[in-house]
$ cat entry_38.cif   # mmCIF, C-alpha atoms
data_model
loop_
_atom_site.label_atom_id
_atom_site.label_comp_id
_atom_site.auth_asym_id
_atom_site.auth_seq_id
_atom_site.Cartn_x
_atom_site.Cartn_y
_atom_site.Cartn_z
CA MET A 1 84.71 101.26 81.04
CA LYS A 2 81.61 99.08 81.39
CA SER A 3 78.38 100.90 82.05
CA ARG A 4 76.57 100.19 85.26
CA ALA A 5 73.75 98.62 83.25
CA ASN A 6 76.11 95.97 81.86
CA ILE A 7 77.27 94.73 85.27
CA PRO A 8 75.34 91.61 86.40
CA THR A 9 72.73 92.30 89.08
CA ARG A 10 74.40 90.01 91.65
CA MET A 11 77.72 91.78 91.19
CA ARG A 12 76.07 95.21 91.44
CA LEU A 13 74.44 94.21 94.71
CA ALA A 14 77.72 92.91 96.09
CA LEU A 15 79.52 96.10 95.09
CA ALA A 16 76.77 98.20 96.65
CA ALA A 17 77.09 96.25 99.90
CA ILE A 18 80.86 96.77 99.97
CA ILE A 19 80.52 100.49 99.27
CA ALA A 20 77.85 100.84 101.94
CA THR A 21 80.04 99.08 104.48
CA LEU A 22 83.01 101.32 103.69
CA LEU A 23 80.92 104.46 103.88
CA LEU A 24 79.36 103.47 107.15
CA ALA A 25 82.72 102.56 108.60
CA GLY A 26 84.03 105.97 107.58
CA GLY A 27 81.23 107.75 109.40
CA ARG A 28 79.85 109.42 106.28
CA CYS A 29 76.36 107.89 106.30
CA ASP A 30 75.79 106.57 109.80
CA ASN A 31 74.14 108.38 112.66
CA GLY A 32 77.45 108.98 114.39
CA GLY A 33 78.40 108.58 118.00
CA GLY A 34 78.01 111.14 120.74
CA PRO A 35 77.77 114.80 119.82
CA GLY A 36 81.22 115.64 121.14
CA THR A 37 82.26 119.16 122.13
CA PRO A 38 81.21 121.79 119.59
CA ASP A 39 84.50 123.60 119.05
CA ALA A 40 85.39 125.03 115.65
CA GLY A 41 88.31 127.13 116.83
CA LEU A 42 88.09 130.66 115.43
CA TYR A 43 85.24 129.59 113.17
CA HIS A 44 81.73 129.98 114.53
CA THR A 45 79.67 127.05 115.73
CA TYR A 46 75.88 127.06 115.62
CA ALA A 47 75.68 128.01 119.30
CA GLU A 48 78.12 130.89 118.77
CA ILE A 49 76.18 132.20 115.76
CA ASN A 50 72.99 132.06 117.81
CA ASP A 51 74.56 133.85 120.76
CA GLU A 52 76.45 136.52 118.82
CA LEU A 53 73.61 137.42 116.46
CA HIS A 54 71.32 138.00 119.42
CA LYS A 55 73.98 140.07 121.19
CA LEU A 56 74.43 142.21 118.07
CA ALA A 57 70.71 142.85 117.86
CA ALA A 58 70.42 143.61 121.57
CA ALA A 59 73.28 146.10 121.45
CA HIS A 60 71.95 147.83 118.32
CA ALA A 61 68.20 147.41 118.62
CA GLN A 62 67.39 150.41 116.41
CA ILE A 63 69.04 148.89 113.35
CA ALA A 64 69.27 145.14 113.96
CA GLN A 65 66.66 142.49 114.60
CA VAL A 66 67.08 138.70 114.79
CA SER A 67 64.35 136.23 113.91
CA SER A 68 64.04 132.58 112.95
CA ILE A 69 62.98 131.88 109.37
CA GLY A 70 62.29 128.21 110.15
CA LYS A 71 63.74 125.08 111.70
CA SER A 72 66.08 122.34 110.55
CA VAL A 73 65.40 118.60 110.39
CA GLU A 74 66.71 118.27 113.95
CA GLY A 75 64.79 121.31 115.20
CA ARG A 76 67.46 124.02 115.19
CA ASP A 77 66.40 127.55 114.29
CA LEU A 78 67.65 129.12 111.07
CA TRP A 79 68.54 132.56 112.36
CA ALA A 80 68.32 135.67 110.20
CA ILE A 81 69.43 139.18 111.10
CA LYS A 82 67.71 142.14 109.49
CA ILE A 83 69.69 145.38 109.31
CA SER A 84 67.97 148.67 108.47
CA ASP A 85 67.58 152.13 109.97
CA ASN A 86 63.96 151.52 111.00
CA VAL A 87 64.37 147.83 111.58
CA ALA A 88 61.01 147.24 113.23
CA GLN A 89 59.21 148.53 110.15
CA ASP A 90 58.81 146.78 106.81
CA GLU A 91 59.77 149.74 104.64
CA PRO A 92 59.35 149.91 100.85
CA GLU A 93 63.11 149.69 100.27
CA ALA A 94 65.21 147.47 98.06
CA GLU A 95 66.34 144.35 99.89
CA THR A 96 69.59 142.45 99.55
CA VAL A 97 69.96 138.96 100.99
CA PHE A 98 73.10 137.07 101.98
CA LEU A 99 72.95 133.32 102.64
CA GLY A 100 75.68 131.14 104.11
CA GLY A 101 76.33 127.55 105.04
CA HIS A 102 74.18 125.44 102.72
CA HIS A 103 76.99 122.88 102.87
CA ALA A 104 78.12 121.78 106.31
CA ARG A 105 81.87 121.53 105.74
CA GLU A 106 82.15 125.02 104.22
CA TRP A 107 82.85 126.83 107.47
CA ILE A 108 84.19 130.02 105.88
CA ALA A 109 80.83 130.34 104.07
CA VAL A 110 79.21 130.84 107.50
CA ASP A 111 81.78 133.25 108.90
CA VAL A 112 81.87 135.61 105.92
CA PRO A 113 78.15 136.55 106.02
CA PHE A 114 78.20 136.67 109.83
CA LEU A 115 81.18 139.05 109.79
CA ILE A 116 79.48 141.19 107.14
CA ALA A 117 76.48 141.50 109.45
CA SER A 118 78.72 142.39 112.38
CA HIS A 119 80.56 145.02 110.34
CA LEU A 120 77.36 146.69 109.13
CA VAL A 121 75.92 146.88 112.63
CA ASN A 122 79.08 148.02 114.37
CA GLN A 123 80.09 150.60 111.75
CA TYR A 124 76.67 152.20 111.44
CA GLY A 125 76.89 155.87 112.36
CA THR A 126 80.66 155.88 111.98
CA ASP A 127 81.33 154.72 108.42
CA THR A 128 79.51 157.00 105.99
CA THR A 129 79.09 154.32 103.30
CA VAL A 130 77.69 151.76 105.72
CA THR A 131 75.37 154.34 107.25
CA ARG A 132 73.98 155.35 103.87
CA LEU A 133 73.43 151.78 102.72
CA VAL A 134 71.69 150.79 105.95
CA ASN A 135 69.51 153.91 105.84
CA GLN A 136 68.44 153.33 102.24
CA SER A 137 67.84 149.58 102.16
CA GLU A 138 66.90 146.48 104.10
CA ILE A 139 69.65 143.89 104.43
CA TRP A 140 68.95 140.31 105.47
CA ILE A 141 71.68 137.86 106.41
CA VAL A 142 71.17 134.15 107.15
CA PRO A 143 74.66 132.89 108.05
CA MET A 144 73.87 129.19 108.52
CA VAL A 145 71.21 127.51 106.36
CA ASN A 146 72.33 124.01 107.39
CA PRO A 147 72.84 124.08 111.18
CA ASP A 148 72.47 120.31 111.72
CA GLY A 149 75.05 119.43 109.11
CA HIS A 150 77.40 122.13 110.37
CA GLN A 151 77.13 120.82 113.93
CA TYR A 152 77.88 117.31 112.68
CA SER A 153 80.86 118.64 110.74
CA VAL A 154 82.19 120.26 113.93
CA THR A 155 81.63 117.33 116.28
CA THR A 156 81.89 114.18 114.15
CA ASP A 157 82.88 114.41 110.49
CA ARG A 158 84.73 117.55 109.37
CA LEU A 159 83.99 116.91 105.67
CA TRP A 160 80.26 116.25 106.02
CA ARG A 161 78.34 118.12 103.29
CA LYS A 162 74.60 117.45 103.50
CA ASN A 163 71.94 118.06 106.11
CA ARG A 164 71.08 115.30 108.62
CA ARG A 165 67.90 113.85 107.16
CA ASN A 166 67.48 110.17 108.05
CA ASN A 167 66.92 108.65 104.63
CA GLY A 168 65.60 105.42 106.12
CA ASP A 169 68.09 103.15 104.40
CA GLY A 170 71.14 103.55 106.64
CA THR A 171 72.17 106.82 105.01
CA PHE A 172 71.78 110.38 106.19
CA GLY A 173 71.54 113.69 104.46
CA VAL A 174 70.20 115.64 101.51
CA ASP A 175 72.29 118.17 99.57
CA LEU A 176 70.29 121.32 100.27
CA ASN A 177 71.76 123.03 97.23
CA ARG A 178 70.18 120.41 94.95
CA ASN A 179 66.77 120.50 96.68
CA TYR A 180 65.25 123.70 95.24
CA SER A 181 62.41 123.24 92.77
CA TYR A 182 63.65 124.96 89.61
CA GLN A 183 64.91 122.20 87.29
CA TRP A 184 65.00 119.87 90.28
CA GLY A 185 66.21 116.37 89.42
CA GLY A 186 68.28 117.46 86.42
CA PRO A 187 71.98 117.00 85.65
CA GLY A 188 74.49 117.51 88.44
CA SER A 189 72.23 116.01 91.08
CA SER A 190 71.66 112.42 92.16
CA GLY A 191 68.78 110.24 93.24
CA ASP A 192 71.20 107.95 95.11
CA THR A 193 70.93 108.52 98.86
CA PHE A 194 74.62 107.62 99.30
CA SER A 195 75.67 110.45 96.97
CA GLU A 196 77.00 113.74 98.31
CA ILE A 197 74.76 115.48 95.76
CA TYR A 198 71.62 113.52 96.72
CA ARG A 199 68.77 115.83 95.78
CA GLY A 200 66.18 114.44 98.21
CA PRO A 201 62.96 112.57 97.46
CA SER A 202 61.25 115.66 96.01
CA ALA A 203 61.82 119.35 95.44
CA PHE A 204 61.71 121.30 98.71
CA SER A 205 61.49 118.08 100.71
CA GLU A 206 63.74 119.61 103.39
CA PRO A 207 62.60 122.06 106.06
CA GLU A 208 65.77 124.12 105.54
CA THR A 209 65.07 124.80 101.85
CA GLN A 210 61.37 125.30 102.61
CA ALA A 211 62.39 127.98 105.12
CA VAL A 212 64.58 129.79 102.60
CA ARG A 213 61.84 129.55 99.95
CA ASP A 214 59.13 130.88 102.24
CA PHE A 215 61.38 133.65 103.54
CA LEU A 216 62.38 134.87 100.07
CA GLN A 217 58.82 134.73 98.77
CA GLN A 218 57.83 137.22 101.48
CA ARG A 219 60.64 139.65 100.69
CA GLN A 220 61.26 142.34 98.08
CA THR A 221 64.57 140.82 97.11
CA ARG A 222 66.56 142.84 94.60
CA ALA A 223 69.82 140.88 94.78
CA LEU A 224 71.28 137.90 96.64
CA ILE A 225 74.61 136.22 97.30
CA SER A 226 74.91 132.62 98.46
CA TYR A 227 78.34 131.86 99.93
CA HIS A 228 80.18 128.58 99.43
CA ASN A 229 83.75 127.40 99.20
CA PHE A 230 86.10 126.69 97.57
CA SER A 231 87.50 127.84 94.15
CA GLN A 232 87.47 131.68 94.25
CA LEU A 233 84.67 132.12 91.74
CA VAL A 234 81.73 134.48 91.22
CA LEU A 235 79.04 132.31 89.64
CA TYR A 236 75.80 133.40 88.01
CA PRO A 237 72.86 131.44 86.50
CA TRP A 238 72.38 129.08 84.89
CA GLY A 239 73.84 126.08 86.67
CA TYR A 240 71.56 123.40 85.25
CA THR A 241 72.45 124.08 81.60
CA ASN A 242 75.22 125.56 79.49
CA ALA A 243 72.68 127.77 77.71
CA PRO A 244 72.89 131.47 78.60
CA ALA A 245 70.37 133.06 80.94
CA PRO A 246 67.96 135.67 79.50
CA ASP A 247 69.78 138.49 81.33
CA GLU A 248 73.28 137.13 80.77
CA PRO A 249 74.89 140.54 79.95
CA LEU A 250 73.60 142.02 83.22
CA LEU A 251 74.57 138.97 85.27
CA GLN A 252 78.00 138.82 83.69
CA ASN A 253 78.65 142.54 84.20
CA LEU A 254 77.63 142.32 87.85
CA ALA A 255 79.79 139.24 88.39
CA VAL A 256 82.78 141.04 86.87
CA ALA A 257 82.13 144.08 89.07
CA ILE A 258 81.90 141.86 92.17
CA ALA A 259 85.19 140.14 91.26
CA ASP A 260 86.81 143.54 90.69
CA ARG A 261 85.72 144.73 94.15
CA ILE A 262 87.16 141.60 95.72
CA ARG A 263 90.50 141.86 93.92
CA VAL A 264 91.29 145.44 94.93
CA VAL A 265 91.29 144.56 98.65
CA HIS A 266 94.04 141.92 98.87
CA ALA A 267 94.90 141.34 95.18
CA VAL A 268 93.18 137.96 95.29
CA THR A 269 91.49 136.93 92.05
CA TYR A 270 87.98 135.46 91.92
CA THR A 271 86.92 134.41 88.44
CA PRO A 272 83.46 135.51 87.20
CA GLN A 273 81.70 132.84 85.11
CA GLN A 274 78.42 131.09 84.46
CA SER A 275 77.78 128.43 87.10
CA SER A 276 77.61 125.59 84.58
CA ASP A 277 81.16 126.40 83.44
CA LEU A 278 82.29 124.93 86.75
CA TYR A 279 79.99 121.89 86.50
CA LEU A 280 76.31 121.26 85.90
CA ALA A 281 74.15 121.50 89.01
CA SER A 282 70.36 121.35 89.09
CA GLY A 283 68.03 122.46 91.86
CA ASP A 284 70.29 125.04 93.44
CA THR A 285 69.41 128.28 95.21
CA THR A 286 70.49 130.75 92.57
CA ASP A 287 68.83 129.02 89.62
CA TRP A 288 65.59 128.84 91.61
CA LEU A 289 65.54 132.53 92.59
CA TYR A 290 66.51 133.64 89.10
CA GLY A 291 64.37 131.09 87.24
CA GLU A 292 61.21 131.81 89.20
CA TYR A 293 61.58 135.53 89.90
CA ARG A 294 64.40 136.89 87.68
CA VAL A 295 66.28 138.22 90.69
CA PRO A 296 69.99 138.73 89.88
CA ASN A 297 71.89 136.56 92.31
CA PHE A 298 75.25 134.93 92.66
CA THR A 299 77.12 132.07 94.24
CA ILE A 300 80.51 133.17 95.53
CA GLU A 301 82.94 130.32 95.97
CA LEU A 302 85.32 131.68 98.60
CA ARG A 303 88.98 130.92 99.28
CA PRO A 304 91.02 128.84 98.63
CA ARG A 305 91.41 128.35 94.90
CA SER A 306 92.44 124.68 95.03
CA SER A 307 91.63 121.48 96.89
CA PHE A 308 94.59 122.06 99.19
CA PRO A 309 93.64 123.20 101.79
CA GLY A 310 90.18 122.98 100.25
CA PHE A 311 87.33 123.12 102.75
CA GLU A 312 89.72 123.36 105.70
CA LEU A 313 90.77 126.96 105.13
CA PRO A 314 93.31 128.03 107.78
CA GLU A 315 91.96 130.30 110.48
CA ASN A 316 94.38 133.08 109.56
CA GLU A 317 92.52 133.47 106.26
CA ILE A 318 89.12 134.13 107.85
CA THR A 319 89.66 137.88 108.21
CA PRO A 320 91.13 138.60 104.76
CA THR A 321 88.45 136.47 103.10
CA PHE A 322 85.80 138.50 104.92
CA GLU A 323 87.49 141.82 104.08
CA GLU A 324 87.64 141.20 100.33
CA ASN A 325 84.04 139.97 100.24
CA LEU A 326 82.79 142.88 102.34
CA SER A 327 83.76 145.19 99.51
CA ALA A 328 81.72 143.11 97.05
CA ALA A 329 78.72 142.93 99.40
CA LEU A 330 78.66 146.70 99.85
CA PHE A 331 78.77 147.11 96.08
CA LEU A 332 75.80 144.80 95.55
CA ILE A 333 73.73 146.50 98.27
CA ASP A 334 74.41 149.84 96.60
CA TRP A 335 73.49 148.43 93.19
CA ALA A 336 70.20 147.12 94.59
CA ILE A 337 69.37 150.55 95.99
CA GLN A 338 69.98 152.16 92.61
CA GLN A 339 67.48 149.79 90.96
CA GLY A 340 64.62 150.90 93.19
CA THR A 341 62.16 148.61 94.91
CA PRO A 342 60.88 145.60 92.96
CA PRO A 343 57.39 144.17 93.40
CA THR A 344 57.03 141.60 96.19
CA ILE A 345 57.75 138.10 94.89
#

$ encode --input "entry_38.cif" --output "structure tokens"
Amino acid sequence: MKSRANIPTRMRLALAAIIATLLLAGGRCDNGGGPGTPDAGLYHTYAEINDELHKLAAAHAQIAQVSSIGKSVEGRDLWAIKISDNVAQDEPEAETVFLGGHHAREWIAVDVPFLIASHLVNQYGTDTTVTRLVNQSEIWIVPMVNPDGHQYSVTTDRLWRKNRRNNGDGTFGVDLNRNYSYQWGGPGSSGDTFSEIYRGPSAFSEPETQAVRDFLQQRQTRALISYHNFSQLVLYPWGYTNAPAPDEPLLQNLAVAIADRIRVVHAVTYTPQQSSDLYLASGDTTDWLYGEYRVPNFTIELRPRSSFPGFELPENEITPTFEENLSAALFLIDWAIQQGTPPTI
């Protein structure tokens, strides 16, 4: 195959024009038409996440509190729910963070952390394990990091991945999970605005990743999970290189334990592995948090295992996917408690 550099400039420009036309015609890089009706079926839309998180907090004000950690490109709030026994206080307890929805089309990656939050709040005082974990730690859950992209995926283009940044050249969107600063611009990201893995013009160029950065830098984070789909994997740093991380034995053991907790619920296998074993990816959330602060953290690629049904996981798999990942989340919260409270990062 000829390299791109060997193709004459005129031909490259013509090919670029054709590709741009096709992409625009397919609705992947244009500004779209009207917003349509936000209806994701049994999956949660942005408006539903907003409404239900606030209802949870209102009904359980002693242990749940909702706040915005920042705003998106289009001005939507990035809602976080804090769950702890003395929720109004910032106690010196180990904190575990769960993030969802970096990528717009990964709807199950929004519902799983939201349902974990709902379970913790609703089972407090009834379930002895949940009660102990909530009493002994602070749990933060941000179900939808990319609300603009998710809304666009619901109303206009189901397979939209990026946020909705206007790139100024007829394209829209930055891949938020290539926009973090650690090893930003490396392999597995792209400087091409048309690319689905476009990393943005600079590290932390996007208000969504800035919000996550600023939020985590204020917390005493002991462990974190970032939910994605699909492939049924438990991934740990590094993603930008095949070289092992400094704490590889710990990360690997935790990933295996997480996968074990998932499997015992519905006998569904998630494979624990280093992120780069899937593919190289630079500038992602987990490499940043681990690279800058050595916080053990994981990307869980949820159901399904294969590209069929891929991102469009059937609604009847929402509940079992949540149930198997609840077990893993409870394990990681408990592990964080056992480590004690780290210094503020």

$ resolve_selection --input "entry_38.cif" --expression "the PyMOL selection byres ((chain A and resi 104) around 12)" --output "ChimeraX atom specification"
/A:45-46,100-103,105-110,143-164,173-177,196,227-229,311-312

$ atom_distance --input "entry_38.cif" --atom1 "atom CA of Glu208 of chain A" --atom2 "atom CA of Ser195 of chain A"
18.9 Å

$ resolve_selection --input "entry_38.cif" --expression "the PyMOL selection byres ((chain A and resi 231) around 10)" --output "mmCIF file with C-alpha atoms, in the coordinates of the input"
data_model
loop_
_atom_site.group_PDB
_atom_site.id
_atom_site.type_symbol
_atom_site.label_atom_id
_atom_site.label_comp_id
_atom_site.auth_asym_id
_atom_site.auth_seq_id
_atom_site.Cartn_x
_atom_site.Cartn_y
_atom_site.Cartn_z
ATOM 1 C CA HIS A 228 80.180 128.580 99.430
ATOM 2 C CA ASN A 229 83.750 127.400 99.200
ATOM 3 C CA PHE A 230 86.100 126.690 97.570
ATOM 4 C CA GLN A 232 87.470 131.680 94.250
ATOM 5 C CA LEU A 233 84.670 132.120 91.740
ATOM 6 C CA VAL A 234 81.730 134.480 91.220
ATOM 7 C CA TYR A 270 87.980 135.460 91.920
ATOM 8 C CA THR A 271 86.920 134.410 88.440
ATOM 9 C CA LEU A 278 82.290 124.930 86.750
ATOM 10 C CA ILE A 300 80.510 133.170 95.530
ATOM 11 C CA GLU A 301 82.940 130.320 95.970
ATOM 12 C CA LEU A 302 85.320 131.680 98.600
ATOM 13 C CA ARG A 303 88.980 130.920 99.280
ATOM 14 C CA PRO A 304 91.020 128.840 98.630
ATOM 15 C CA ARG A 305 91.410 128.350 94.900
ATOM 16 C CA SER A 306 92.440 124.680 95.030
ATOM 17 C CA SER A 307 91.630 121.480 96.890
ATOM 18 C CA GLY A 310 90.180 122.980 100.250
ATOM 19 C CA PHE A 311 87.330 123.120 102.750
#

$ resolve_selection --input "entry_38.cif" --expression "the PyMOL selection byres ((chain A and resi 70-87) around 8)" --output "PyMOL selection string"
chain A and resi 50+53+57+62-69+88-91+117+120-121+134-148+163-165+206-208+211

$ residues_near_point --input "entry_38.cif" --point "(77.7, 126.4, 85.1)" --cutoff "12 Å" --atoms "all atoms listed in the file" --output "PyMOL selection string"
chain A and resi 187-188+233-245+272-282+284+286-287+298-299

$ residues_around --input "entry_38.cif" --residues "Leu216 of chain A" --least-positions-apart "2" --cutoff "12 Å" --atoms "only C-alpha atoms" --output "number ranges by chain"
A: 69, 80, 95-99, 140-142, 209-214, 218-224, 285-286, 288-290, 292-293, 295, 344-345
